[in-house]
Structures are given as C-alpha cells and as structure tokens.
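Printed here is data-v9.cif (mmCIF, C-alpha atoms):
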```cif
data_coords
loop_
_atom_site.group_PDB
_atom_site.id
_atom_site.type_symbol
_atom_site.label_atom_id
_atom_site.label_comp_id
_atom_site.auth_asym_id
_atom_site.auth_seq_id
_atom_site.Cartn_x
_atom_site.Cartn_y
_atom_site.Cartn_z
ATOM 1 C CA MET M 160 -12.140 -43.714 15.347
ATOM 2 C CA LYS M 161 -15.200 -45.547 14.038
ATOM 3 C CA ILE M 162 -17.406 -43.175 12.089
ATOM 4 C CA PRO M 163 -20.730 -42.540 13.891
ATOM 5 C CA LYS M 164 -23.722 -43.596 11.810
ATOM 6 C CA ARG M 165 -25.217 -40.083 11.727
ATOM 7 C CA ILE M 166 -21.953 -38.578 10.433
ATOM 8 C CA GLN M 167 -21.426 -41.165 7.680
ATOM 9 C CA PRO M 168 -23.574 -39.251 5.114
ATOM 10 C CA LEU M 169 -21.435 -36.126 5.642
ATOM 11 C CA ILE M 170 -18.305 -38.204 4.979
ATOM 12 C CA GLU M 171 -19.849 -39.522 1.771
ATOM 13 C CA ASP M 172 -20.818 -36.020 0.656
ATOM 14 C CA GLY M 173 -17.314 -34.686 1.303
ATOM 15 C CA LEU M 174 -18.361 -32.269 4.050
ATOM 16 C CA ILE M 175 -16.215 -34.121 6.597
ATOM 17 C CA ASP M 176 -12.979 -35.942 5.824
ATOM 18 C CA GLU M 177 -12.230 -37.594 9.152
ATOM 19 C CA VAL M 178 -13.693 -38.034 12.639
ATOM 20 C CA LEU M 179 -10.861 -37.518 15.116
ATOM 21 C CA ARG M 180 -12.523 -38.140 18.479
ATOM 22 C CA GLN M 181 -15.598 -37.582 20.604
ATOM 23 C CA LEU M 182 -15.446 -34.290 22.461
ATOM 24 C CA MET M 183 -18.448 -34.584 24.773
ATOM 25 C CA SER M 184 -21.893 -36.071 25.186
ATOM 26 C CA GLY M 185 -24.616 -33.949 26.739
ATOM 27 C CA LYS M 186 -28.341 -33.885 27.387
ATOM 28 C CA GLU M 187 -29.221 -32.998 23.816
ATOM 29 C CA ALA M 188 -26.302 -33.977 21.588
ATOM 30 C CA THR M 189 -22.947 -35.663 21.174
ATOM 31 C CA VAL M 190 -20.119 -33.506 19.821
ATOM 32 C CA TYR M 191 -17.199 -34.854 17.769
ATOM 33 C CA ILE M 192 -13.971 -33.210 16.651
ATOM 34 C CA VAL M 193 -13.686 -33.631 12.883
ATOM 35 C CA ARG M 194 -11.339 -32.674 10.050
ATOM 36 C CA CYS M 195 -12.737 -30.810 7.055
ATOM 37 C CA GLY M 196 -9.887 -30.473 4.594
ATOM 38 C CA SER M 197 -7.180 -28.579 6.479
ATOM 39 C CA GLU M 198 -9.629 -27.236 9.066
ATOM 40 C CA ILE M 199 -10.432 -28.813 12.430
ATOM 41 C CA ARG M 200 -14.088 -28.295 13.304
ATOM 42 C CA CYS M 201 -16.734 -29.908 15.456
ATOM 43 C CA ALA M 202 -19.839 -31.835 14.502
ATOM 44 C CA LYS M 203 -22.774 -31.678 16.901
ATOM 45 C CA VAL M 204 -24.989 -34.732 16.463
ATOM 46 C CA TYR M 205 -28.414 -34.091 17.962
ATOM 47 C CA LYS M 206 -29.969 -36.922 19.902
ATOM 48 C CA GLU M 207 -33.409 -38.163 18.926
ATOM 49 C CA ALA M 208 -36.285 -36.640 20.888
ATOM 50 C CA GLY M 209 -36.861 -39.805 22.915
ATOM 51 C CA LYS M 210 -33.203 -39.929 23.975
ATOM 52 C CA ARG M 211 -32.799 -36.286 24.946
ATOM 53 C CA SER M 212 -32.980 -35.397 28.612
ATOM 54 C CA PHE M 213 -33.617 -31.700 27.955
ATOM 55 C CA LYS M 214 -36.735 -30.913 29.955
ATOM 56 C CA GLN M 215 -39.823 -28.865 29.094
ATOM 57 C CA ALA M 216 -38.890 -28.321 25.451
ATOM 58 C CA VAL M 217 -42.442 -27.111 24.738
ATOM 59 C CA GLN M 218 -41.783 -23.953 26.776
ATOM 60 C CA TYR M 219 -38.823 -23.139 24.551
ATOM 61 C CA ARG M 220 -40.585 -23.905 21.257
ATOM 62 C CA GLU M 221 -43.491 -21.565 21.997
ATOM 63 C CA GLY M 222 -43.660 -18.757 19.467
ATOM 64 C CA ARG M 223 -41.423 -20.347 16.834
ATOM 65 C CA LYS M 224 -42.880 -19.637 13.412
ATOM 66 C CA VAL M 225 -43.696 -22.320 10.832
ATOM 67 C CA ARG M 226 -44.627 -20.734 7.506
ATOM 68 C CA ASN M 227 -45.921 -23.896 5.847
ATOM 69 C CA SER M 228 -49.491 -24.463 7.078
ATOM 70 C CA ARG M 229 -49.385 -28.208 6.308
ATOM 71 C CA ARG M 230 -46.316 -28.613 8.506
ATOM 72 C CA SER M 231 -47.889 -26.524 11.237
ATOM 73 C CA ARG M 232 -51.051 -28.665 11.265
ATOM 74 C CA ALA M 233 -49.003 -31.868 11.277
ATOM 75 C CA MET M 234 -46.995 -30.694 14.295
ATOM 76 C CA GLU M 235 -50.176 -29.766 16.148
ATOM 77 C CA LYS M 236 -51.635 -33.228 15.466
ATOM 78 C CA GLY M 237 -48.422 -34.988 16.514
ATOM 79 C CA SER M 238 -48.263 -37.232 13.434
ATOM 80 C CA LYS M 239 -44.988 -38.912 12.478
ATOM 81 C CA PHE M 240 -44.472 -36.290 9.785
ATOM 82 C CA GLY M 241 -45.264 -33.610 12.342
ATOM 83 C CA ARG M 242 -42.800 -35.040 14.860
ATOM 84 C CA ASP M 243 -40.111 -35.163 12.169
ATOM 85 C CA GLU M 244 -40.827 -31.549 11.288
ATOM 86 C CA GLN M 245 -40.666 -30.566 14.963
ATOM 87 C CA GLU M 246 -37.259 -32.221 15.230
ATOM 88 C CA SER M 247 -36.040 -30.375 12.152
ATOM 89 C CA LEU M 248 -37.286 -27.084 13.615
ATOM 90 C CA TRP M 249 -35.513 -27.805 16.925
ATOM 91 C CA GLN M 250 -32.228 -28.649 15.196
ATOM 92 C CA ASN M 251 -32.278 -25.784 12.702
ATOM 93 C CA ALA M 252 -33.079 -23.290 15.473
ATOM 94 C CA GLU M 253 -29.485 -23.423 16.659
ATOM 95 C CA VAL M 254 -27.840 -22.866 13.282
ATOM 96 C CA ASP M 255 -30.290 -20.030 12.518
ATOM 97 C CA ALA M 256 -29.514 -18.430 15.889
ATOM 98 C CA LEU M 257 -25.766 -18.791 15.336
ATOM 99 C CA TYR M 258 -25.917 -17.011 11.982
ATOM 100 C CA ARG M 259 -28.083 -14.195 13.372
ATOM 101 C CA LEU M 260 -26.017 -13.684 16.500
ATOM 102 C CA ALA M 261 -22.674 -13.776 14.712
ATOM 103 C CA GLU M 262 -23.978 -11.058 12.388
ATOM 104 C CA ALA M 263 -25.048 -9.039 15.448
ATOM 105 C CA GLY M 264 -21.562 -9.219 16.961
ATOM 106 C CA VAL M 265 -22.233 -11.875 19.608
ATOM 107 C CA ARG M 266 -19.291 -14.235 20.108
ATOM 108 C CA VAL M 267 -20.579 -17.663 19.075
ATOM 109 C CA PRO M 268 -18.995 -20.527 17.095
ATOM 110 C CA LYS M 269 -19.115 -19.928 13.327
ATOM 111 C CA PRO M 270 -21.697 -22.318 11.801
ATOM 112 C CA TYR M 271 -21.350 -24.109 8.466
ATOM 113 C CA GLY M 272 -24.837 -25.601 8.283
ATOM 114 C CA CYS M 273 -27.041 -28.324 9.736
ATOM 115 C CA PHE M 274 -27.228 -31.547 7.715
ATOM 116 C CA ASP M 275 -29.746 -34.237 8.737
ATOM 117 C CA GLY M 276 -29.397 -33.478 12.424
ATOM 118 C CA VAL M 277 -25.648 -32.790 12.387
ATOM 119 C CA LEU M 278 -24.520 -29.199 13.017
ATOM 120 C CA LEU M 279 -21.091 -28.420 11.594
ATOM 121 C CA MET M 280 -19.305 -25.448 13.187
ATOM 122 C CA ASP M 281 -15.980 -24.017 14.292
ATOM 123 C CA LEU M 282 -14.093 -25.644 17.132
ATOM 124 C CA VAL M 283 -13.355 -23.020 19.809
ATOM 125 C CA THR M 284 -9.738 -23.348 20.943
ATOM 126 C CA ASP M 285 -7.240 -21.663 23.239
ATOM 127 C CA ASP M 286 -3.859 -20.188 22.266
ATOM 128 C CA SER M 287 -2.220 -23.609 22.126
ATOM 129 C CA GLY M 288 -4.869 -25.036 19.815
ATOM 130 C CA GLU M 289 -6.483 -27.142 22.511
ATOM 131 C CA VAL M 290 -10.232 -27.171 23.063
ATOM 132 C CA ALA M 291 -11.223 -24.023 24.972
ATOM 133 C CA PRO M 292 -12.307 -24.698 28.576
ATOM 134 C CA ARG M 293 -15.809 -24.105 29.857
ATOM 135 C CA LEU M 294 -16.308 -21.092 32.072
ATOM 136 C CA ASN M 295 -16.981 -23.314 35.100
ATOM 137 C CA ASP M 296 -13.432 -24.678 34.807
ATOM 138 C CA VAL M 297 -11.788 -21.249 34.820
ATOM 139 C CA VAL M 298 -10.534 -19.387 37.901
ATOM 140 C CA LEU M 299 -10.844 -15.604 37.576
ATOM 141 C CA SER M 300 -9.430 -12.598 39.360
ATOM 142 C CA GLU M 301 -11.912 -10.057 40.683
ATOM 143 C CA GLU M 302 -11.104 -7.567 37.927
ATOM 144 C CA GLN M 303 -11.279 -10.219 35.199
ATOM 145 C CA ALA M 304 -14.627 -11.440 36.521
ATOM 146 C CA LYS M 305 -16.046 -7.903 36.378
ATOM 147 C CA ARG M 306 -14.745 -7.360 32.827
ATOM 148 C CA ASP M 307 -16.017 -10.725 31.609
ATOM 149 C CA HIS M 308 -19.386 -10.201 33.286
ATOM 150 C CA GLU M 309 -19.737 -6.868 31.503
ATOM 151 C CA THR M 310 -18.937 -8.582 28.199
ATOM 152 C CA ILE M 311 -21.467 -11.373 28.692
ATOM 153 C CA ILE M 312 -24.173 -8.890 29.707
ATOM 154 C CA ARG M 313 -23.464 -6.926 26.544
ATOM 155 C CA ASP M 314 -23.820 -10.106 24.478
ATOM 156 C CA ILE M 315 -27.121 -10.916 26.216
ATOM 157 C CA VAL M 316 -28.325 -7.431 25.254
ATOM 158 C CA ARG M 317 -27.224 -7.930 21.641
ATOM 159 C CA MET M 318 -29.122 -11.218 21.599
ATOM 160 C CA LEU M 319 -32.257 -9.583 22.974
ATOM 161 C CA CYS M 320 -32.025 -6.788 20.413
ATOM 162 C CA GLU M 321 -32.099 -9.561 17.798
ATOM 163 C CA GLY M 322 -35.257 -10.894 19.439
ATOM 164 C CA LEU M 323 -33.561 -13.909 21.005
ATOM 165 C CA ILE M 324 -32.951 -15.186 24.533
ATOM 166 C CA HIS M 325 -30.535 -18.070 25.115
ATOM 167 C CA GLY M 326 -32.902 -19.751 27.563
ATOM 168 C CA ASP M 327 -30.335 -22.048 29.196
ATOM 169 C CA LEU M 328 -27.319 -19.795 29.752
ATOM 170 C CA SER M 329 -24.930 -20.748 32.539
ATOM 171 C CA GLU M 330 -21.228 -21.261 33.199
ATOM 172 C CA PHE M 331 -21.568 -24.686 31.556
ATOM 173 C CA ASN M 332 -22.366 -23.382 28.071
ATOM 174 C CA VAL M 333 -19.869 -20.549 27.857
ATOM 175 C CA LEU M 334 -16.373 -21.328 26.556
ATOM 176 C CA VAL M 335 -13.339 -19.153 27.268
ATOM 177 C CA ASP M 336 -10.700 -18.607 24.590
ATOM 178 C CA SER M 337 -7.864 -16.083 24.473
ATOM 179 C CA HIS M 338 -10.284 -13.293 23.517
ATOM 180 C CA GLY M 339 -12.886 -13.984 26.195
ATOM 181 C CA SER M 340 -16.240 -15.729 26.400
ATOM 182 C CA VAL M 341 -17.949 -17.634 23.578
ATOM 183 C CA ILE M 342 -21.617 -18.581 23.998
ATOM 184 C CA ILE M 343 -22.599 -22.098 22.889
ATOM 185 C CA ASP M 344 -25.631 -24.453 22.921
ATOM 186 C CA LEU M 345 -28.527 -22.557 21.377
ATOM 187 C CA PRO M 346 -31.150 -25.059 20.107
ATOM 188 C CA GLN M 347 -33.567 -23.874 22.794
ATOM 189 C CA ALA M 348 -33.142 -20.167 21.915
ATOM 190 C CA VAL M 349 -36.362 -18.355 22.817
ATOM 191 C CA ASP M 350 -38.334 -15.824 20.766
ATOM 192 C CA ALA M 351 -38.295 -12.790 23.061
ATOM 193 C CA VAL M 352 -41.563 -11.375 21.720
ATOM 194 C CA ALA M 353 -43.708 -14.441 20.993
ATOM 195 C CA ASN M 354 -42.791 -16.643 23.954
ATOM 196 C CA ASN M 355 -44.753 -16.075 27.169
ATOM 197 C CA ASN M 356 -41.819 -17.423 29.209
ATOM 198 C CA ALA M 357 -39.337 -14.935 27.747
ATOM 199 C CA GLU M 358 -39.060 -12.591 30.733
ATOM 200 C CA TRP M 359 -38.275 -15.190 33.384
ATOM 201 C CA MET M 360 -35.924 -17.055 31.014
ATOM 202 C CA LEU M 361 -33.976 -13.842 30.426
ATOM 203 C CA GLU M 362 -33.889 -13.211 34.164
ATOM 204 C CA ARG M 363 -32.624 -16.714 34.806
ATOM 205 C CA ASP M 364 -29.889 -16.363 32.150
ATOM 206 C CA VAL M 365 -28.714 -13.016 33.493
ATOM 207 C CA ASN M 366 -28.832 -14.115 37.121
ATOM 208 C CA ASN M 367 -26.949 -17.346 36.366
ATOM 209 C CA MET M 368 -24.128 -15.217 34.967
ATOM 210 C CA ARG M 369 -24.332 -12.763 37.866
ATOM 211 C CA ASN M 370 -24.139 -15.548 40.420
ATOM 212 C CA TYR M 371 -21.171 -17.249 38.767
ATOM 213 C CA TYR M 372 -19.044 -14.155 38.245
ATOM 214 C CA GLY M 373 -20.189 -12.961 41.664
ATOM 215 C CA MET M 374 -18.203 -15.772 43.267
ATOM 216 C CA PHE M 375 -15.052 -13.911 42.160
ATOM 217 C CA ALA M 376 -16.437 -10.353 42.361
ATOM 218 C CA PRO M 377 -19.049 -10.295 45.168
ATOM 219 C CA GLU M 378 -20.225 -6.763 44.371
ATOM 220 C CA LEU M 379 -21.873 -8.159 41.216
ATOM 221 C CA LEU M 380 -24.340 -10.061 43.389
ATOM 222 C CA GLU M 381 -26.060 -6.768 44.210
ATOM 223 C CA THR M 382 -26.779 -5.904 40.570
ATOM 224 C CA LYS M 383 -30.205 -6.112 38.932
ATOM 225 C CA TYR M 384 -29.321 -6.177 35.245
ATOM 226 C CA ALA M 385 -32.101 -8.618 34.350
ATOM 227 C CA LYS M 386 -34.930 -6.338 35.465
ATOM 228 C CA GLU M 387 -33.227 -3.262 34.035
ATOM 229 C CA ILE M 388 -32.687 -4.898 30.640
ATOM 230 C CA TRP M 389 -36.224 -6.269 30.399
ATOM 231 C CA ALA M 390 -37.794 -2.942 31.402
ATOM 232 C CA LEU M 391 -35.814 -1.161 28.671
ATOM 233 C CA PHE M 392 -36.738 -3.865 26.148
ATOM 234 C CA GLU M 393 -40.443 -3.647 26.946
ATOM 235 C CA ALA M 394 -40.295 0.134 26.655
ATOM 236 C CA GLY M 395 -38.638 -0.112 23.238
ATOM 237 C CA LYS M 396 -35.546 1.688 24.539
ATOM 238 C CA LEU M 397 -32.988 -1.146 24.473
ATOM 239 C CA THR M 398 -30.207 -0.982 21.874
ATOM 240 C CA PRO M 399 -26.868 -2.843 21.619
ATOM 241 C CA THR M 400 -25.124 0.288 22.925
ATOM 242 C CA THR M 401 -27.560 1.222 25.719
ATOM 243 C CA GLU M 402 -25.667 2.248 28.852
ATOM 244 C CA LEU M 403 -26.669 -0.022 31.730
ATOM 245 C CA THR M 404 -26.321 0.682 35.426
ATOM 246 C CA GLY M 405 -27.164 -2.629 37.064
ATOM 247 C CA HIS M 406 -29.721 -0.791 39.218
ATOM 248 C CA PHE M 407 -33.491 -1.123 39.136
ATOM 249 C CA ASP M 408 -35.971 0.556 41.436
ATOM 250 C CA GLU M 409 -38.737 -1.870 42.213
ATOM 251 C CA PRO M 410 -42.040 -0.779 43.793
ATOM 252 C CA GLU M 411 -41.431 -0.761 47.534
ATOM 253 C CA GLU M 412 -45.031 -0.363 48.734
ATOM 254 C CA ALA M 413 -46.874 -3.611 49.261
ATOM 255 C CA ALA M 414 -50.445 -3.735 48.062
ATOM 256 C CA ASP M 415 -52.855 -2.383 50.727
ATOM 257 C CA VAL M 416 -55.489 -5.111 50.529
ATOM 258 C CA ASP M 417 -57.782 -3.480 53.130
ATOM 259 C CA SER M 418 -57.865 -0.201 51.214
ATOM 260 C CA VAL M 419 -58.621 -1.996 47.970
ATOM 261 C CA LEU M 420 -61.499 -3.908 49.601
ATOM 262 C CA THR M 421 -62.851 -0.673 51.113
ATOM 263 C CA GLU M 422 -62.798 0.997 47.695
ATOM 264 C CA ILE M 423 -64.621 -1.968 46.177
ATOM 265 C CA GLN M 424 -67.260 -1.896 48.902
ATOM 266 C CA GLU M 425 -67.752 1.866 48.522
ATOM 267 C CA ALA M 426 -68.091 1.527 44.763
ATOM 268 C CA TYR M 427 -70.602 -1.261 45.227
ATOM 269 C CA GLN M 428 -72.623 0.834 47.697
ATOM 270 C CA GLU M 429 -72.637 3.798 45.337
ATOM 271 C CA GLU M 430 -73.848 1.593 42.503
ATOM 272 C CA GLN M 431 -76.647 0.184 44.675
ATOM 273 C CA GLU M 432 -77.719 3.701 45.647
ATOM 274 C CA ARG M 433 -77.701 4.769 42.001
ATOM 275 C CA LEU M 434 -79.856 1.792 41.007
ATOM 276 C CA ALA M 435 -82.195 2.553 43.887
ATOM 277 C CA ARG M 436 -82.596 6.154 42.707
ATOM 278 C CA ILE M 437 -83.332 4.993 39.184
ATOM 279 C CA HIS M 438 -85.872 2.524 40.492
ATOM 280 C CA ALA M 439 -87.498 5.209 42.622
ATOM 281 C CA GLU M 440 -87.739 7.561 39.650
ATOM 282 C CA ASP M 441 -89.448 4.827 37.630
ATOM 283 C CA GLU M 442 -92.050 4.142 40.323
ATOM 284 C CA PRO M 443 -95.504 5.628 39.549
ATOM 285 C CA ASP M 444 -96.685 8.427 41.865
#
```

With the file now loaded, output its structure as structure tokens.
Amino acid sequence: MKIPKRIQPLIEDGLIDEVLRQLMSGKEATVYIVRCGSEIRCAKVYKEAGKRSFKQAVQYREGRKVRNSRRSRAMEKGSKFGRDEQESLWQNAEVDALYRLAEAGVRVPKPYGCFDGVLLMDLVTDDSGEVAPRLNDVVLSEEQAKRDHETIIRDIVRMLCEGLIHGDLSEFNVLVDSHGSVIIDLPQAVDAVANNNAEWMLERDVNNMRNYYGMFAPELLETKYAKEIWALFEAGKLTPTTELTGHFDEPEEAADVDSVLTEIQEAYQEEQERLARIHAEDEPD
C-alpha cells in the first residue's frame, strides 16, 4: 500500500521495511500492520491534537512530570513550542507505560519505541497468526468470564502498584489471544498519586470490566473490587499479590443533618456564654 507520510521517515531509517495494510483508525491514532525484517509488527500513528476526538485530555495529563523547567513554562503558556512538547509528552506516555507495565508482569504489547509520533510495537495475534480480536467481539462461557475477569483485575492491581491507572479501560481496548487478555491503548494513562481524578478513573475502569464480564457471569455484577482496591491503595496495603474479596463495607448510616445542626448551635451558645463571662469579668465593679 502507499506509505503514509508519517511512516516514511521510519522506512528511510530502516526501522520499517514495508507497510502491509491499515489495521484500524480510532479517536486518537491510526494503526498499520508493518514488516520489520522478518517480524510483523504494528505502527500506531498518533493523530495531531486538532484531529483527535479524545475528550478532556487535560484531566488525564494532570500530574505528569516535566523535568525541564523551560518546557514546563512553555506548556503552561501554550506557545507553539509548548504545544509541541505537550504532544510529545502525550505520545511518549504510552511507550513509557508499556515498558513499565511489561516489566511489572502486565500483559501489554511489547514496545520498540516512539519515533516522531509513531509507536512501533508487537502485533497481538491469535493461534492462526491473525490479528487478535477485541474483547467485545468474543463470546465467553460463565467460567471463562470469571477467570478472565480475575486476570484483568489482577492486571489493574499490578498497574496501580506501578502508580498507573489506564483511565479508559473497556472491552474495546482489551485484545484476546490464546493466552488471555492483552491491555492496549495507554496514552492517557493516569498518575495514580498526582492526578486528582485517579480514584473515579480507577473505579470506572474496574466497573467497565465488571459490567462486561458480568453479562456472561452475572454474579460479578455484585462485586465491589474498585472500592476495595482503592481503599487498600490509599492505606498503603496494596501489593501485586494482595488477596481480594470483591466485597467492601460502605458506611450505611446517612448523615444526621439535624443532629449536626444541633451540635453547631450548642457549640455556638457555649461560646457566646464563655465570651459573656469573660466580658463580665472585665467589667469594673
């Protein structure tokens, strides 16, 4: 096929030998199947910021560190240099996350680097060598759904122990090969400590997985892994091997507003009486 303009430099540098076909085009990138020597891989070409339809990217970028102060100031000002640096940070976030998560034992595509907005990584395939299907295209038995759900929850925990939250996890960015699930699409990966949106993003990721697998294993719909995992994380007790139950006891008593107001009024009255006593003591005889 005709070589895409953004991939041409990688052809010239010998990183890619041939572009075989387009695999998919999504909200943030277009992915091509490419040949690198004897290996078949995929090249993810990120779309320019103005052409991406990924919403509320600022929420995902919060907390990402920029060591160079000049770059940080430029991004805050929104200059052209700053916008270019922001794009580079967005694109490199995925390859950095892939390296970290692969090292932590999370099943993700093996990365080979990001070159001028093109991420080169392994192509995830099934037993026959065809592109692995997305989770949303797979029909599961009840037992398989429960096993796969347990695996994905364990990977979410491993991610969190590395300080990362996927931020957009659903059945549409999980592939299924012969060994199970493979998590993809990580440019929006969230810093679990520095991002104020981390808790609800984790909850959304976990609940998306619960709801999908729950279609095949309804008992999963009663689980509360998100709250359990976050509570353990906040308490500093979460490890990759922490035994989870799927249960979480939430406070059952609603706030008694009347009692709170009464306590406030009583405290106010006591303070007024105290001030009155002080004033009386200061009065001349």

query: What is the CA of Lys186 in chain M to CA of Pro346 in chain M distance in Å?
result: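 A separation of 11.8 Å between them.
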
message: Taking only C-alpha atoms into account, name the residue in M:Lys305, M:Glu409, M:Leu169, M:Leu323 that is nearest to Ala353 in chain M.
response: M:Leu323

query: Written as a PyMOL selection string, which residues does the PyMOL selection byres ((chain M and resi 284) around 12) give for the file shown?
result: chain M and resi 192+199-201+268+281-283+285-293+334-341

What does the PyMOL selection byres ((chain M and resi 343) around 12) select in this file, as a JSON list (two decimals) with C-alpha atoms, keeping the file's coordinate frame?
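Listed below is the output, selection.json:
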```
[["chain", "number", "residue", "atom", "x", "y", "z"],
["M", 203, "LYS", "CA", -22.77, -31.68, 16.90],
["M", 253, "GLU", "CA", -29.48, -23.42, 16.66],
["M", 254, "VAL", "CA", -27.84, -22.87, 13.28],
["M", 256, "ALA", "CA", -29.51, -18.43, 15.89],
["M", 257, "LEU", "CA", -25.77, -18.79, 15.34],
["M", 260, "LEU", "CA", -26.02, -13.68, 16.50],
["M", 261, "ALA", "CA", -22.67, -13.78, 14.71],
["M", 265, "VAL", "CA", -22.23, -11.88, 19.61],
["M", 266, "ARG", "CA", -19.29, -14.24, 20.11],
["M", 267, "VAL", "CA", -20.58, -17.66, 19.08],
["M", 268, "PRO", "CA", -19.00, -20.53, 17.10],
["M", 269, "LYS", "CA", -19.11, -19.93, 13.33],
["M", 270, "PRO", "CA", -21.70, -22.32, 11.80],
["M", 280, "MET", "CA", -19.30, -25.45, 13.19],
["M", 281, "ASP", "CA", -15.98, -24.02, 14.29],
["M", 282, "LEU", "CA", -14.09, -25.64, 17.13],
["M", 283, "VAL", "CA", -13.36, -23.02, 19.81],
["M", 291, "ALA", "CA", -11.22, -24.02, 24.97],
["M", 293, "ARG", "CA", -15.81, -24.10, 29.86],
["M", 294, "LEU", "CA", -16.31, -21.09, 32.07],
["M", 325, "HIS", "CA", -30.54, -18.07, 25.12],
["M", 326, "GLY", "CA", -32.90, -19.75, 27.56],
["M", 327, "ASP", "CA", -30.34, -22.05, 29.20],
["M", 328, "LEU", "CA", -27.32, -19.80, 29.75],
["M", 329, "SER", "CA", -24.93, -20.75, 32.54],
["M", 330, "GLU", "CA", -21.23, -21.26, 33.20],
["M", 331, "PHE", "CA", -21.57, -24.69, 31.56],
["M", 332, "ASN", "CA", -22.37, -23.38, 28.07],
["M", 333, "VAL", "CA", -19.87, -20.55, 27.86],
["M", 334, "LEU", "CA", -16.37, -21.33, 26.56],
["M", 335, "VAL", "CA", -13.34, -19.15, 27.27],
["M", 340, "SER", "CA", -16.24, -15.73, 26.40],
["M", 341, "VAL", "CA", -17.95, -17.63, 23.58],
["M", 342, "ILE", "CA", -21.62, -18.58, 24.00],
["M", 344, "ASP", "CA", -25.63, -24.45, 22.92],
["M", 345, "LEU", "CA", -28.53, -22.56, 21.38],
["M", 346, "PRO", "CA", -31.15, -25.06, 20.11],
["M", 347, "GLN", "CA", -33.57, -23.87, 22.79],
["M", 348, "ALA", "CA", -33.14, -20.17, 21.92]]
```

- request: Take CA of Asn356 in chain M and CA of Asp314 in chain M and report the distance between them in Å, one decimal.
  value: 20.0 Å

field: For CA of Val204 in chain M and CA of Gly276 in chain M, the interatomic separation in Å (one decimal)
entry: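 Result for CA of Val204 in chain M versus CA of Gly276 in chain M: 6.1 Å, one decimal.
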